[in-house]
>>> print(open('target.pdb').read())   # PDB, C-alpha atoms
ATOM      1  CA  MET Y   8      20.792 287.726  79.144
ATOM      2  CA  SER Y   9      20.874 285.055  81.784
ATOM      3  CA  LEU Y  10      23.065 282.258  83.065
ATOM      4  CA  GLN Y  11      21.767 278.861  84.032
ATOM      5  CA  VAL Y  12      23.720 276.101  85.691
ATOM      6  CA  ILE Y  13      22.517 272.611  84.830
ATOM      7  CA  ILE Y  14      24.300 269.460  85.959
ATOM      8  CA  GLY Y  15      23.001 266.379  84.228
ATOM      9  CA  ASP Y  16      19.271 266.837  84.015
ATOM     10  CA  GLN Y  17      19.034 268.882  87.203
ATOM     11  CA  PHE Y  18      18.656 272.681  87.207
ATOM     12  CA  ILE Y  19      20.959 274.081  89.924
ATOM     13  CA  PHE Y  20      20.457 277.859  89.726
ATOM     14  CA  GLY Y  21      19.892 280.703  87.327
ATOM     15  CA  ILE Y  22      21.130 284.259  87.234
ATOM     16  CA  LYS Y  23      19.473 286.987  85.248
ATOM     17  CA  ALA Y  24      21.681 289.812  84.147
ATOM     18  CA  ILE Y  25      20.652 293.165  85.546
ATOM     19  CA  THR Y  26      20.506 295.748  82.844
ATOM     20  CA  LYS Y  27      22.062 299.017  83.856
ATOM     21  CA  ARG Y  28      19.988 302.157  83.529
ATOM     22  CA  LYS Y  29      20.963 304.156  80.491
ATOM     23  CA  THR Y  30      22.570 307.494  81.229
ATOM     24  CA  PHE Y  31      21.402 310.525  79.310
ATOM     25  CA  ILE Y  32      24.351 312.450  77.955
ATOM     26  CA  LEU Y  33      24.527 315.752  76.081
ATOM     27  CA  GLU Y  34      27.432 317.178  74.161
ATOM     28  CA  GLU Y  35      29.350 319.717  76.269
ATOM     29  CA  ALA Y  36      28.339 322.707  74.117
ATOM     30  CA  ASP Y  37      24.654 321.693  74.181
ATOM     31  CA  SER Y  38      24.841 321.096  77.909
ATOM     32  CA  LYS Y  39      26.329 324.527  78.633
ATOM     33  CA  ASN Y  40      23.829 326.170  76.293
ATOM     34  CA  LEU Y  41      20.946 324.539  78.169
ATOM     35  CA  LEU Y  42      22.486 325.583  81.502
ATOM     36  CA  ASN Y  43      22.630 329.207  80.330
ATOM     37  CA  GLN Y  44      19.057 329.004  79.031
ATOM     38  CA  LEU Y  45      17.900 327.530  82.351
ATOM     39  CA  THR Y  46      19.673 330.173  84.443
ATOM     40  CA  LEU Y  47      18.230 332.998  82.367
ATOM     41  CA  PHE Y  48      14.730 331.515  82.573
ATOM     42  CA  MET Y  49      14.980 331.017  86.340
ATOM     43  CA  THR Y  50      16.201 334.590  86.835
ATOM     44  CA  GLU Y  51      13.678 336.307  84.588
ATOM     45  CA  GLU Y  52      10.542 334.156  84.887
ATOM     46  CA  LYS Y  53      10.976 332.816  88.443
ATOM     47  CA  PRO Y  54       9.147 329.526  87.818
ATOM     48  CA  PHE Y  55      10.308 328.287  91.243
ATOM     49  CA  LEU Y  56       7.626 330.494  92.834
ATOM     50  CA  ASP Y  57       5.077 327.950  91.616
ATOM     51  CA  GLY Y  58       4.673 325.361  94.362
ATOM     52  CA  ASP Y  59       3.602 322.769  91.807
ATOM     53  CA  ILE Y  60       6.633 323.055  89.524
ATOM     54  CA  SER Y  61       8.104 319.771  88.379
ATOM     55  CA  LEU Y  62      10.975 318.685  86.202
ATOM     56  CA  ILE Y  63       8.483 317.944  83.427
ATOM     57  CA  THR Y  64       6.766 321.340  83.586
ATOM     58  CA  LEU Y  65      10.060 323.239  83.713
ATOM     59  CA  ALA Y  66      11.441 321.220  80.806
ATOM     60  CA  GLY Y  67       8.235 321.931  78.891
ATOM     61  CA  SER Y  68       8.596 325.657  79.532
ATOM     62  CA  LEU Y  69      12.140 325.497  78.155
ATOM     63  CA  GLY Y  70      11.142 323.243  75.265
ATOM     64  CA  VAL Y  71      13.638 320.538  76.188
ATOM     65  CA  ASN Y  72      13.598 316.879  77.149
ATOM     66  CA  PRO Y  73      13.185 316.398  80.942
ATOM     67  CA  LYS Y  74      16.104 313.936  80.941
ATOM     68  CA  ALA Y  75      18.335 316.528  79.296
ATOM     69  CA  LEU Y  76      17.327 319.126  81.891
ATOM     70  CA  SER Y  77      17.905 316.700  84.748
ATOM     71  CA  PHE Y  78      21.310 315.800  83.301
ATOM     72  CA  VAL Y  79      22.347 319.475  83.154
ATOM     73  CA  ILE Y  80      21.219 320.167  86.733
ATOM     74  CA  ASN Y  81      22.976 317.045  88.037
ATOM     75  CA  GLU Y  82      26.199 317.440  86.066
ATOM     76  CA  HIS Y  83      26.751 321.198  86.193
ATOM     77  CA  ILE Y  84      25.083 322.247  89.412
ATOM     78  CA  HIS Y  85      25.671 318.975  91.282
ATOM     79  CA  LYS Y  86      22.187 318.943  92.759
ATOM     80  CA  ASN Y  87      18.984 317.086  92.153
ATOM     81  CA  PHE Y  88      15.972 318.948  90.781
ATOM     82  CA  ASN Y  89      14.250 319.510  94.147
ATOM     83  CA  ASN Y  90      17.369 320.882  95.831
ATOM     84  CA  TYR Y  91      18.038 323.113  92.834
ATOM     85  CA  ILE Y  92      14.508 324.587  92.955
ATOM     86  CA  ASN Y  93      14.614 324.963  96.740
ATOM     87  CA  ASP Y  94      17.897 326.875  96.527
ATOM     88  CA  TRP Y  95      16.260 329.394  94.190
ATOM     89  CA  ARG Y  96      13.328 329.659  96.604
ATOM     90  CA  ILE Y  97      15.639 330.224  99.573
ATOM     91  CA  GLU Y  98      17.462 332.996  97.710
ATOM     92  CA  GLU Y  99      14.112 334.657  96.997
ATOM     93  CA  VAL Y 100      13.114 334.402 100.669
ATOM     94  CA  LYS Y 101      16.465 335.934 101.674
ATOM     95  CA  LYS Y 102      15.931 338.841  99.262
ATOM     96  CA  ARG Y 103      12.511 339.453 100.750
ATOM     97  CA  LEU Y 104      13.832 339.259 104.299
ATOM     98  CA  ASN Y 105      16.279 342.027 103.423
ATOM     99  CA  ASP Y 106      13.574 344.158 101.775
ATOM    100  CA  LYS Y 107      11.699 346.540 104.098
ATOM    101  CA  GLU Y 108       8.574 346.090 101.991
ATOM    102  CA  TYR Y 109       8.272 342.564 103.407
ATOM    103  CA  ASN Y 110       8.974 343.391 107.070
ATOM    104  CA  HIS Y 111       5.336 342.861 108.046
ATOM    105  CA  TYR Y 112       5.131 339.430 106.389
ATOM    106  CA  LYS Y 113       5.223 336.317 108.519
ATOM    107  CA  MET Y 114       8.036 333.926 107.681
ATOM    108  CA  LEU Y 115       5.658 331.141 106.660
ATOM    109  CA  THR Y 116       3.733 333.485 104.358
ATOM    110  CA  MET Y 117       6.974 334.365 102.591
ATOM    111  CA  ALA Y 118       7.903 330.687 102.325
ATOM    112  CA  PHE Y 119       4.572 329.815 100.712
ATOM    113  CA  ASP Y 120       4.766 332.858  98.415
ATOM    114  CA  CYS Y 121       8.187 331.642  97.279
ATOM    115  CA  GLY Y 122       6.900 328.200  96.306
ATOM    116  CA  PHE Y 123       7.336 326.068  99.415
ATOM    117  CA  ASN Y 124       4.390 323.837 100.234
ATOM    118  CA  SER Y 125       5.252 322.945 103.814
ATOM    119  CA  LYS Y 126       6.828 324.593 106.816
ATOM    120  CA  SER Y 127       9.110 321.624 107.527
ATOM    121  CA  THR Y 128      10.516 321.529 103.983
ATOM    122  CA  PHE Y 129      11.129 325.266 104.126
ATOM    123  CA  ASN Y 130      12.871 325.097 107.520
ATOM    124  CA  LEU Y 131      15.080 322.175 106.459
ATOM    125  CA  ALA Y 132      16.016 323.744 103.126
ATOM    126  CA  PHE Y 133      16.719 327.123 104.737
ATOM    127  CA  LYS Y 134      18.913 325.637 107.461
ATOM    128  CA  LYS Y 135      20.777 323.530 104.874
ATOM    129  CA  ALA Y 136      21.409 326.549 102.639
ATOM    130  CA  THR Y 137      22.332 329.114 105.293
ATOM    131  CA  GLY Y 138      23.337 327.197 108.408
ATOM    132  CA  LEU Y 139      20.708 329.196 110.304
ATOM    133  CA  SER Y 140      17.037 328.759 110.986
ATOM    134  CA  PRO Y 141      14.790 331.265 109.188
ATOM    135  CA  SER Y 142      14.096 333.156 112.420
ATOM    136  CA  GLU Y 143      17.826 333.281 113.301
ATOM    137  CA  TYR Y 144      18.557 334.656 109.828
ATOM    138  CA  ARG Y 145      15.833 337.281 110.151
ATOM    139  CA  LYS Y 146      17.398 338.587 113.380
ATOM    140  CA  LEU Y 147      20.722 339.337 111.658
TER     141      LEU Y 147
END
>>> encode(input="target.pdb", output="structure tokens")
Amino acid sequence: MSLQVIIGDQFIFGIKAITKRKTFILEEADSKNLLNQLTLFMTEEKPFLDGDISLITLAGSLGVNPKALSFVINEHIHKNFNNYINDWRIEEVKKRLNDKEYNHYKMLTMAFDCGFNSKSTFNLAFKKATGLSPSEYRKL
């Protein structure tokens, strides 16, 4: 759709309508079911430990449409995909920091083992989630 203004034989200006991006919506029951399925999968399979995980690969593992998965994460958890995955990774790092079996591990080794691909992303995500740097948290 567009609008053109023509006076006499002279074209004055034109406006093209901007089509709004379509929003993917699930029924509430389907949405909650997918949220439960996602939470169970994340808890049992720990796909967040894979540094190469993407919305598409996670959706494929769950057998759902990536847009449906993104919708559920955005609407129910109020996070984008990357923040959602990083929160799971941070929780795993925190578990390991509290486990004596991992006392000899360097912080960066734990971060990479938990799916982070860079030190800066890990430090930012950790500080955002806990309010402390990883080394400050370890000292507690």
>>> resolve_selection(input="target.pdb", expression="the PyMOL selection byres ((chain Y and resi 61) around 12)", output="VMD selection string")
chain Y and resid 54 to 60 62 to 68 73 76 to 77 87 to 93 122
>>> residues_around(input="target.pdb", residues="Y:Asn43", least_positions_apart="6", cutoff="12 Å", atoms="all atoms listed in the file", output="PyMOL selection string")
chain Y and resi 36-37+49-50+69+76+79-80+83-84
>>> atom_distance(input="target.pdb", atom1="atom CA of Y:Leu139", atom2="atom CA of Y:Lys53")
24.2 Å
>>> atom_distance(input="target.pdb", atom1="atom CA of Y:Glu52", atom2="atom CA of Y:Ser140")
27.4 Å
>>> residues_around(input="target.pdb", residues="Y:Tyr144", least_positions_apart="3", cutoff="12 Å", atoms="only C-alpha atoms", output="list in words")
Ile97, Val100, Lys101, Lys102, Arg103, Leu104, Asn105, Met114, Asn130, Phe133, Lys134, Ala136, Thr137, Gly138, Leu139, Ser140, Pro141 and Leu147 of chain Y
>>> closest_residue(input="target.pdb", among="Y:Leu33, Y:Ala75, Y:Asp106, Y:Cys121", to="Y:Leu45", atoms="only C-alpha atoms")
Y:Ala75
>>> decode(input="target.pdb", residues="stretch 125-138 of chain Y", atoms="all heavy atoms", output="mmCIF file, in the first residue's frame")
data_model
loop_
_atom_site.group_PDB
_atom_site.id
_atom_site.type_symbol
_atom_site.label_atom_id
_atom_site.label_comp_id
_atom_site.auth_asym_id
_atom_site.auth_seq_id
_atom_site.Cartn_x
_atom_site.Cartn_y
_atom_site.Cartn_z
ATOM 1 N N SER Y 125 33.656 -16.734 25.209
ATOM 2 C CA SER Y 125 34.622 -15.654 25.433
ATOM 3 C C SER Y 125 34.613 -15.236 26.896
ATOM 4 O O SER Y 125 33.580 -15.319 27.579
ATOM 5 C CB SER Y 125 34.329 -14.441 24.539
ATOM 6 O OG SER Y 125 33.256 -13.687 25.053
ATOM 7 N N LYS Y 126 35.751 -14.773 27.334
ATOM 8 C CA LYS Y 126 35.914 -14.333 28.718
ATOM 9 C C LYS Y 126 35.047 -13.106 28.991
ATOM 10 O O LYS Y 126 34.402 -13.016 30.044
ATOM 11 C CB LYS Y 126 37.389 -14.007 28.978
ATOM 12 C CG LYS Y 126 37.681 -13.542 30.379
ATOM 13 C CD LYS Y 126 39.173 -13.253 30.546
ATOM 14 C CE LYS Y 126 39.474 -12.765 31.953
ATOM 15 N NZ LYS Y 126 40.916 -12.491 32.126
ATOM 16 N N SER Y 127 35.001 -12.170 28.043
ATOM 17 C CA SER Y 127 34.246 -10.936 28.263
ATOM 18 C C SER Y 127 32.745 -11.205 28.370
ATOM 19 O O SER Y 127 32.072 -10.635 29.234
ATOM 20 C CB SER Y 127 34.535 -9.914 27.168
ATOM 21 O OG SER Y 127 34.162 -10.415 25.908
ATOM 22 N N THR Y 128 32.226 -12.081 27.531
ATOM 23 C CA THR Y 128 30.799 -12.431 27.608
ATOM 24 C C THR Y 128 30.495 -13.091 28.938
ATOM 25 O O THR Y 128 29.485 -12.788 29.583
ATOM 26 C CB THR Y 128 30.395 -13.359 26.440
ATOM 27 O OG1 THR Y 128 30.661 -12.690 25.208
ATOM 28 C CG2 THR Y 128 28.935 -13.733 26.513
ATOM 29 N N PHE Y 129 31.360 -13.989 29.362
ATOM 30 C CA PHE Y 129 31.186 -14.658 30.650
ATOM 31 C C PHE Y 129 31.180 -13.647 31.796
ATOM 32 O O PHE Y 129 30.286 -13.655 32.641
ATOM 33 C CB PHE Y 129 32.282 -15.702 30.858
ATOM 34 C CG PHE Y 129 32.350 -16.222 32.270
ATOM 35 C CD1 PHE Y 129 31.288 -16.931 32.814
ATOM 36 C CD2 PHE Y 129 33.467 -15.987 33.057
ATOM 37 C CE1 PHE Y 129 31.341 -17.411 34.119
ATOM 38 C CE2 PHE Y 129 33.524 -16.463 34.350
ATOM 39 C CZ PHE Y 129 32.462 -17.176 34.889
ATOM 40 N N ASN Y 130 32.184 -12.765 31.830
ATOM 41 C CA ASN Y 130 32.285 -11.787 32.915
ATOM 42 C C ASN Y 130 31.064 -10.865 32.960
ATOM 43 O O ASN Y 130 30.534 -10.593 34.036
ATOM 44 C CB ASN Y 130 33.567 -10.967 32.787
ATOM 45 C CG ASN Y 130 34.796 -11.757 33.192
ATOM 46 O OD1 ASN Y 130 34.724 -12.688 33.980
ATOM 47 N ND2 ASN Y 130 35.938 -11.389 32.633
ATOM 48 N N LEU Y 131 30.627 -10.396 31.793
ATOM 49 C CA LEU Y 131 29.452 -9.518 31.741
ATOM 50 C C LEU Y 131 28.189 -10.242 32.197
ATOM 51 O O LEU Y 131 27.410 -9.705 32.984
ATOM 52 C CB LEU Y 131 29.262 -8.977 30.320
ATOM 53 C CG LEU Y 131 30.237 -7.900 29.869
ATOM 54 C CD1 LEU Y 131 30.082 -7.632 28.373
ATOM 55 C CD2 LEU Y 131 30.029 -6.618 30.663
ATOM 56 N N ALA Y 132 27.992 -11.446 31.699
ATOM 57 C CA ALA Y 132 26.797 -12.220 32.061
ATOM 58 C C ALA Y 132 26.808 -12.564 33.544
ATOM 59 O O ALA Y 132 25.766 -12.500 34.207
ATOM 60 C CB ALA Y 132 26.721 -13.494 31.223
ATOM 61 N N PHE Y 133 27.965 -12.919 34.077
ATOM 62 C CA PHE Y 133 28.067 -13.280 35.492
ATOM 63 C C PHE Y 133 27.759 -12.077 36.379
ATOM 64 O O PHE Y 133 26.994 -12.178 37.335
ATOM 65 C CB PHE Y 133 29.460 -13.839 35.803
ATOM 66 C CG PHE Y 133 29.504 -14.621 37.076
ATOM 67 C CD1 PHE Y 133 29.368 -16.003 37.054
ATOM 68 C CD2 PHE Y 133 29.667 -13.999 38.305
ATOM 69 C CE1 PHE Y 133 29.396 -16.744 38.235
ATOM 70 C CE2 PHE Y 133 29.690 -14.724 39.482
ATOM 71 C CZ PHE Y 133 29.555 -16.101 39.447
ATOM 72 N N LYS Y 134 28.350 -10.948 36.047
ATOM 73 C CA LYS Y 134 28.135 -9.725 36.831
ATOM 74 C C LYS Y 134 26.665 -9.307 36.765
ATOM 75 O O LYS Y 134 26.080 -8.909 37.769
ATOM 76 C CB LYS Y 134 29.040 -8.617 36.302
ATOM 77 C CG LYS Y 134 28.920 -7.291 37.005
ATOM 78 C CD LYS Y 134 29.875 -7.196 38.142
ATOM 79 C CE LYS Y 134 29.830 -5.811 38.757
ATOM 80 N NZ LYS Y 134 30.866 -5.613 39.735
ATOM 81 N N LYS Y 135 26.056 -9.435 35.583
ATOM 82 C CA LYS Y 135 24.645 -9.075 35.415
ATOM 83 C C LYS Y 135 23.742 -9.991 36.252
ATOM 84 O O LYS Y 135 22.785 -9.526 36.866
ATOM 85 C CB LYS Y 135 24.268 -9.186 33.936
ATOM 86 C CG LYS Y 135 22.851 -8.791 33.621
ATOM 87 C CD LYS Y 135 22.582 -8.917 32.129
ATOM 88 C CE LYS Y 135 21.121 -8.669 31.814
ATOM 89 N NZ LYS Y 135 20.822 -8.918 30.407
ATOM 90 N N ALA Y 136 24.075 -11.256 36.298
ATOM 91 C CA ALA Y 136 23.237 -12.234 37.013
ATOM 92 C C ALA Y 136 23.415 -12.186 38.529
ATOM 93 O O ALA Y 136 22.463 -12.408 39.270
ATOM 94 C CB ALA Y 136 23.530 -13.639 36.499
ATOM 95 N N THR Y 137 24.631 -11.911 38.987
ATOM 96 C CA THR Y 137 24.920 -12.019 40.419
ATOM 97 C C THR Y 137 25.224 -10.687 41.106
ATOM 98 O O THR Y 137 25.176 -10.610 42.334
ATOM 99 C CB THR Y 137 26.125 -12.950 40.665
ATOM 100 O OG1 THR Y 137 27.296 -12.340 40.099
ATOM 101 C CG2 THR Y 137 25.894 -14.329 40.080
ATOM 102 N N GLY Y 138 25.583 -9.689 40.325
ATOM 103 C CA GLY Y 138 26.005 -8.418 40.912
ATOM 104 C C GLY Y 138 27.455 -8.433 41.344
ATOM 105 O O GLY Y 138 27.962 -7.442 41.871
#
